[in-house]
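Visitor: What follows is the file run_12.txt, containing compact mmCIF, C-alpha atoms and all ligand atoms:
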```txt
# COMPACT_ATOMS: atom_id res chain seq x y z
CA MET A 1 108.31 73.06 67.89
CA ARG A 2 107.73 76.65 68.81
CA LEU A 3 110.60 78.79 69.94
CA ARG A 4 109.83 82.13 71.41
CA ARG A 5 111.93 84.37 73.51
CA GLY A 6 110.91 83.70 77.07
CA ARG A 7 109.26 86.44 79.06
CA GLY A 8 112.25 88.49 80.07
CA GLY A 9 114.15 85.25 79.70
CA VAL A 10 117.87 85.04 79.43
CA ALA A 11 118.90 82.48 76.86
CA PRO A 12 121.79 80.20 77.79
CA ASN A 13 124.43 82.15 75.91
CA GLN A 14 123.00 85.58 76.51
CA PRO A 15 125.38 88.02 78.18
CA ALA A 16 124.38 89.51 81.50
CA GLY A 17 122.70 92.88 81.40
CA PRO A 18 119.39 94.30 80.28
CA SER A 19 117.55 92.62 77.45
CA PRO A 20 117.61 94.83 74.35
CA VAL A 21 113.85 94.54 74.21
CA ASP A 22 111.33 94.71 77.02
CA ASP A 23 109.26 91.54 76.81
CA SER A 24 107.32 92.24 79.93
CA THR A 25 104.22 93.65 78.29
CA GLU A 26 101.81 92.37 75.70
CA GLY A 27 102.33 93.08 72.01
CA GLY A 28 105.68 91.35 71.72
CA GLU A 29 105.06 90.69 68.02
CA ALA A 30 105.21 94.43 67.34
CA ARG A 31 108.65 94.65 68.98
CA THR A 32 109.97 91.61 67.18
CA ALA A 33 112.38 92.51 64.37
CA LEU A 34 111.86 89.30 62.52
CA ALA A 35 109.59 86.31 62.94
CA ALA A 36 108.33 83.09 61.44
CA TYR A 37 105.07 81.69 62.77
CA GLY A 38 104.20 78.06 62.08
CA LEU A 39 106.39 78.16 58.99
CA GLY A 40 106.24 75.08 56.80
CA VAL A 41 108.09 74.73 53.50
CA ARG A 42 107.86 71.79 51.11
CA PHE A 43 109.60 71.05 47.86
CA GLY A 44 107.38 68.35 46.42
CA GLU A 45 107.63 65.46 48.85
CA VAL A 46 110.55 67.00 50.73
CA VAL A 47 109.62 68.83 53.92
CA ALA A 48 112.30 71.48 54.31
CA LEU A 49 110.68 73.26 57.27
CA ASP A 50 107.99 71.89 59.57
CA ASP A 51 105.98 74.26 61.77
CA VAL A 52 108.87 76.49 62.76
CA THR A 53 108.10 79.44 64.99
CA LEU A 54 110.93 81.80 65.78
CA GLU A 55 110.94 85.39 66.98
CA VAL A 56 114.09 87.50 66.89
CA ALA A 57 114.32 90.79 68.75
CA PRO A 58 116.47 93.78 67.87
CA GLY A 59 119.86 93.29 69.48
CA GLU A 60 119.90 89.50 69.20
CA LEU A 61 122.41 87.37 67.32
CA VAL A 62 120.70 84.03 66.76
CA ALA A 63 122.72 81.08 65.50
CA VAL A 64 120.82 78.40 63.57
CA SER A 65 122.70 75.13 63.36
CA GLY A 66 121.87 71.61 62.26
CA PRO A 67 123.09 69.01 59.81
CA SER A 68 123.21 69.53 56.08
CA GLY A 69 119.66 69.46 54.71
CA ALA A 70 118.11 70.42 58.06
CA GLY A 71 116.48 73.51 56.58
CA LYS A 72 118.84 76.31 57.64
CA SER A 73 119.11 77.96 54.22
CA THR A 74 115.39 77.49 53.63
CA LEU A 75 114.64 79.31 56.88
CA LEU A 76 116.94 82.21 56.03
CA SER A 77 115.60 82.43 52.47
CA SER A 78 112.03 82.48 53.78
CA LEU A 79 112.86 85.28 56.21
CA ALA A 80 114.51 87.22 53.37
CA GLY A 81 111.49 86.77 51.07
CA ALA A 82 113.83 84.96 48.70
CA LEU A 83 112.51 81.42 48.81
CA ASP A 84 112.34 79.39 45.59
CA PRO A 85 108.82 80.12 44.23
CA ALA A 86 108.42 76.37 43.56
CA ALA A 87 108.09 75.82 47.31
CA GLY A 88 104.80 75.13 49.03
CA VAL A 89 104.54 77.40 52.05
CA THR A 90 102.34 77.49 55.11
CA GLY A 91 102.59 79.87 58.02
CA ARG A 92 103.66 83.49 58.22
CA VAL A 93 106.77 85.62 58.05
CA VAL A 94 106.79 89.06 59.65
CA VAL A 95 109.64 91.52 59.10
CA ALA A 96 109.83 94.78 61.05
CA GLY A 97 106.14 94.47 61.84
CA SER A 98 105.08 93.87 58.23
CA PRO A 99 103.85 90.52 56.90
CA VAL A 100 106.00 89.48 53.93
CA ARG A 101 105.70 86.65 51.44
CA PRO A 102 108.48 84.07 51.81
CA CYS A 103 108.86 83.97 47.99
CA ASP A 104 109.24 86.85 45.52
CA ALA A 105 109.46 89.50 48.19
CA ARG A 106 113.13 90.41 48.22
CA GLU A 107 112.45 94.02 47.23
CA ALA A 108 110.02 94.34 50.12
CA THR A 109 112.48 92.92 52.65
CA VAL A 110 115.28 95.16 51.35
CA ALA A 111 112.98 98.14 51.87
CA LEU A 112 112.36 96.90 55.43
CA GLY A 113 116.12 96.91 56.11
CA VAL A 114 117.06 93.27 55.50
CA SER A 115 120.55 92.46 54.21
CA VAL A 116 121.72 88.99 53.31
CA VAL A 117 125.05 87.19 53.17
CA PRO A 118 123.93 84.35 50.91
CA GLN A 119 125.49 80.94 50.67
CA GLY A 120 127.93 81.13 47.76
CA ASN A 121 128.30 84.87 48.48
CA GLY A 122 126.27 86.09 45.49
CA LEU A 123 129.00 88.42 44.24
CA ALA A 124 129.44 89.63 40.66
CA THR A 125 132.74 87.96 39.86
CA VAL A 126 133.65 90.29 36.98
CA LEU A 127 133.34 93.37 39.19
CA THR A 128 135.90 94.49 41.74
CA ALA A 129 135.44 94.05 45.47
CA THR A 130 134.77 97.79 45.77
CA GLU A 131 132.17 97.73 42.98
CA ASN A 132 130.37 94.79 44.61
CA VAL A 133 129.93 96.81 47.80
CA LEU A 134 129.39 100.22 46.21
CA VAL A 135 126.89 99.46 43.45
CA PRO A 136 124.09 98.17 45.73
CA LEU A 137 124.48 101.27 47.91
CA LEU A 138 124.15 103.56 44.89
CA GLU A 139 121.17 101.51 43.69
CA ALA A 140 119.59 101.97 47.11
CA GLY A 141 119.87 105.73 46.71
CA VAL A 142 122.84 106.42 48.98
CA ARG A 143 124.61 109.52 47.67
CA ALA A 144 127.95 108.82 46.01
CA PRO A 145 130.34 110.41 48.55
CA GLU A 146 128.68 108.60 51.44
CA ALA A 147 128.46 105.33 49.50
CA ILE A 148 132.18 105.54 48.70
CA GLU A 149 133.03 106.17 52.35
CA ARG A 150 130.79 103.36 53.58
CA THR A 151 132.35 101.01 51.05
CA ARG A 152 135.85 101.92 52.17
CA GLU A 153 134.93 101.47 55.84
CA ALA A 154 133.19 98.12 55.29
CA LEU A 155 136.09 96.65 53.30
CA ALA A 156 138.52 97.88 55.96
CA ALA A 157 136.38 96.33 58.69
CA VAL A 158 136.79 92.89 57.09
CA GLY A 159 140.53 93.45 56.52
CA LEU A 160 140.29 94.03 52.77
CA GLU A 161 141.27 97.68 52.62
CA ASP A 162 144.02 96.89 50.11
CA SER A 163 141.96 94.54 47.93
CA GLY A 164 139.18 96.84 46.75
CA ASP A 165 140.54 97.10 43.21
CA HIS A 166 140.81 93.34 42.72
CA LEU A 167 138.25 91.57 40.61
CA VAL A 168 136.26 89.17 42.76
CA GLU A 169 137.37 86.29 40.57
CA GLU A 170 140.97 87.10 41.53
CA LEU A 171 140.23 86.77 45.25
CA SER A 172 140.38 83.62 47.37
CA GLY A 173 137.17 82.00 48.61
CA GLY A 174 137.73 83.47 52.06
CA GLN A 175 138.34 86.95 50.67
CA GLN A 176 135.18 86.67 48.58
CA GLN A 177 133.24 85.70 51.66
CA ARG A 178 134.55 88.75 53.47
CA VAL A 179 133.50 90.98 50.55
CA ALA A 180 129.98 89.53 50.87
CA VAL A 181 130.02 90.37 54.59
CA ALA A 182 131.29 93.89 53.83
CA ARG A 183 128.54 94.40 51.26
CA ALA A 184 125.89 93.42 53.81
CA LEU A 185 127.38 95.58 56.58
CA ALA A 186 127.72 98.62 54.32
CA ALA A 187 123.95 98.62 53.91
CA ARG A 188 123.68 99.26 57.69
CA PRO A 189 120.89 96.72 57.99
CA ARG A 190 118.24 96.53 60.72
CA ILE A 191 118.18 92.82 60.04
CA LEU A 192 121.05 90.66 58.77
CA LEU A 193 120.58 87.09 57.55
CA ALA A 194 123.94 85.40 57.10
CA ASP A 195 124.10 81.89 55.63
CA GLU A 196 127.31 80.15 56.74
CA PRO A 197 129.23 83.47 56.70
CA THR A 198 132.43 81.96 58.13
CA SER A 199 132.57 78.67 56.22
CA GLU A 200 135.57 79.70 54.07
CA LEU A 201 137.48 81.64 56.69
CA ASP A 202 140.64 80.91 58.64
CA HIS A 203 140.56 81.25 62.41
CA ALA A 204 141.50 84.93 62.60
CA ASN A 205 139.05 86.04 59.94
CA ARG A 206 136.31 83.88 61.40
CA GLU A 207 136.79 85.66 64.73
CA LEU A 208 136.79 89.01 62.93
CA VAL A 209 133.52 88.31 61.11
CA LEU A 210 131.83 86.92 64.22
CA ALA A 211 132.88 90.04 66.13
CA LEU A 212 131.41 92.25 63.41
CA LEU A 213 128.10 90.36 63.53
CA SER A 214 128.03 90.66 67.33
CA GLU A 215 128.80 94.36 67.10
CA LEU A 216 125.99 94.88 64.60
CA ALA A 217 123.58 93.13 66.97
CA ALA A 218 124.89 95.19 69.90
CA GLN A 219 124.02 98.28 67.89
CA GLY A 220 120.40 97.08 67.75
CA ALA A 221 120.17 94.98 64.60
CA ALA A 222 118.59 91.53 64.59
CA VAL A 223 121.10 89.04 63.21
CA VAL A 224 120.41 85.43 62.23
CA MET A 225 123.38 83.28 61.23
CA ALA A 226 123.15 79.76 59.86
CA THR A 227 126.25 77.82 60.77
CA HIS A 228 127.74 74.35 61.02
CA ASP A 229 130.31 75.72 63.40
CA LEU A 230 129.28 75.05 66.98
CA GLU A 231 131.99 77.31 68.35
CA ALA A 232 130.60 80.15 66.29
CA ALA A 233 127.10 79.30 67.49
CA ALA A 234 128.30 79.41 71.10
CA GLY A 235 129.16 83.09 70.65
CA ALA A 236 125.59 83.96 69.70
CA THR A 237 123.05 85.32 72.14
CA ARG A 238 120.77 82.40 71.25
CA HIS A 239 121.21 79.07 69.48
CA VAL A 240 118.41 77.31 67.62
CA VAL A 241 118.97 73.78 66.34
CA LEU A 242 117.14 72.55 63.25
CA ASP A 243 116.78 68.86 62.44
CA GLU A 244 114.83 67.62 59.42
CA GLY A 245 113.02 70.93 59.24
CA ARG A 246 111.98 71.03 62.86
CA ALA A 247 113.38 73.40 65.43
CA THR A 248 114.12 70.68 67.93
CA SER A 249 115.92 72.52 70.65
CA GLU A 250 117.43 75.72 71.74
CA ALA A 251 120.91 74.85 72.90
P1 LIG B 301 120.55 73.29 55.03
O1 LIG B 301 120.73 74.73 54.72
O2 LIG B 301 120.31 73.00 56.49
O3 LIG B 301 121.64 72.42 54.48
P2 LIG B 301 118.38 73.44 53.10
O4 LIG B 301 117.46 74.47 53.64
O5 LIG B 301 119.32 73.86 52.01
O6 LIG B 301 119.19 72.78 54.31
O7 LIG B 301 117.55 72.22 52.55
C1 LIG B 301 116.51 71.57 53.30
C2 LIG B 301 115.88 70.50 52.43
O8 LIG B 301 115.14 71.13 51.37
C3 LIG B 301 116.89 69.59 51.75
O9 LIG B 301 116.32 68.29 51.67
C4 LIG B 301 117.04 70.19 50.37
O10 LIG B 301 117.43 69.23 49.43
C5 LIG B 301 115.63 70.72 50.11
N1 LIG B 301 115.64 71.90 49.23
C6 LIG B 301 116.11 73.13 49.54
N2 LIG B 301 115.92 73.97 48.53
C7 LIG B 301 115.32 73.29 47.54
C8 LIG B 301 114.85 73.62 46.22
N3 LIG B 301 114.98 74.86 45.73
N4 LIG B 301 114.27 72.63 45.50
C9 LIG B 301 114.13 71.39 45.99
N5 LIG B 301 114.54 71.01 47.23
C10 LIG B 301 115.12 71.94 47.99
```
Output the file's structure as structure tokens, nothing else.
Guide:
Amino acid sequence: MRLRRGRGGVAPNQPAGPSPVDDSTEGGEARTALAAYGLGVRFGEVVALDDVTLEVAPGELVAVSGPSGAGKSTLLSSLAGALDPAAGVTGRVVVAGSPVRPCDAREATVALGVSVVPQGNGLATVLTATENVLVPLLEAGVRAPEAIERTREALAAVGLEDSGDHLVEELSGGQQQRVAVARALAARPRILLADEPTSELDHANRELVLALLSELAAQGAAVVMATHDLEAAAGATRHVVLDEGRATSEA
């Protein structure tokens, strides 16, 4: 099934007010922050994604839900250029107007402004929370004083201002998840792909993280969040449901 933003359409959960992107003229692809066109992904006999077309505009927070094994992580990995190279892929991924390979293209998507909150968080457990946020900024060429300030701000935003010196392995699962969110936010991404970013969080922290993702989208980023949590999905500007690799509906 093909899911495109309707012409000037207001998705069911979209707040009132002007669309962040004018869809009313041709050339919508150029204004799309992130897109998959006819994306199919197979792992041997397993069809993980089947002809999925999805366009995400700057300013949107799109929730992708569906049962375990529906293809949510595969979709996010494809959009991040981080798909397992063993996969068989058909279709296209376009990020910030540039075609990108779904596999082996993480460097390219980082350069295009994509940040990821991966499932399992992807943190270096023997580094501190601060180091996990700071090091990628320094690697990306952010000057040290700014990187330090951005790290401090991002950890404070997720309520971990007092935990920066703790090794990640000393933190709870929920705290680790919030460090992963802080690391992604500190990069100030144009595009954020978050895979179950609230799965380990209590109610208050779940609300906090969802508010941060909404705020990032309101600032003009395109945000895609895979989630099992239908309440979280209801807070998104759009909700795509995957089932056995097919985008079956837009709730
Ligand atoms: P979800 O995130 O919705 O739980 P996934 O995208 O992780 O679903 O998985 C979709 C399907 O693809 C599942 O059947 C899963 O077992 C399979 N799959 C995902 N990644 C791989 C992989 N690297 N190798 C083999 N099969 C995979």
Visitor: For Glu200 (chain A), which of A:Glu169, A:Gln119, A:Leu112, A:Ser214 is the closest residue, counting only C-alpha atoms?
Guide: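 Between A:Glu169, A:Gln119, A:Leu112, A:Ser214, the residue approaching Glu200 (chain A) most closely is A:Gln119.
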Visitor: Fewer than 2 positions away in the same chain doesn't count, so skip those; otherwise give me all residues within 9 Å of Gly88 (chain A), counting only C-alpha atoms, as a PyMOL selection string.
Guide: chain A and resi 40-44+85-86+90
Visitor: Using CA of Ser98 (chain A) and CA of Gly59 (chain A) as the two end points, give the distance in Å to one decimal.
Guide: 18.6 Å
Visitor: Rounded to one decimal place, report the CA of Pro99 (chain A)-CA of Leu192 (chain A) distance in Å.
Guide: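 For CA of Pro99 (chain A) relative to CA of Leu192 (chain A), the distance reads 17.3 Å.
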Visitor: Every residue with an atom at most 9 Å from (127.9, 99.9, 49.7) (file coordinates; all atoms listed in the file) is what I'm after, so could you write them as a ChimeraX atom specification?
Guide: /A:130-138,140,142,146-152,154,182-187
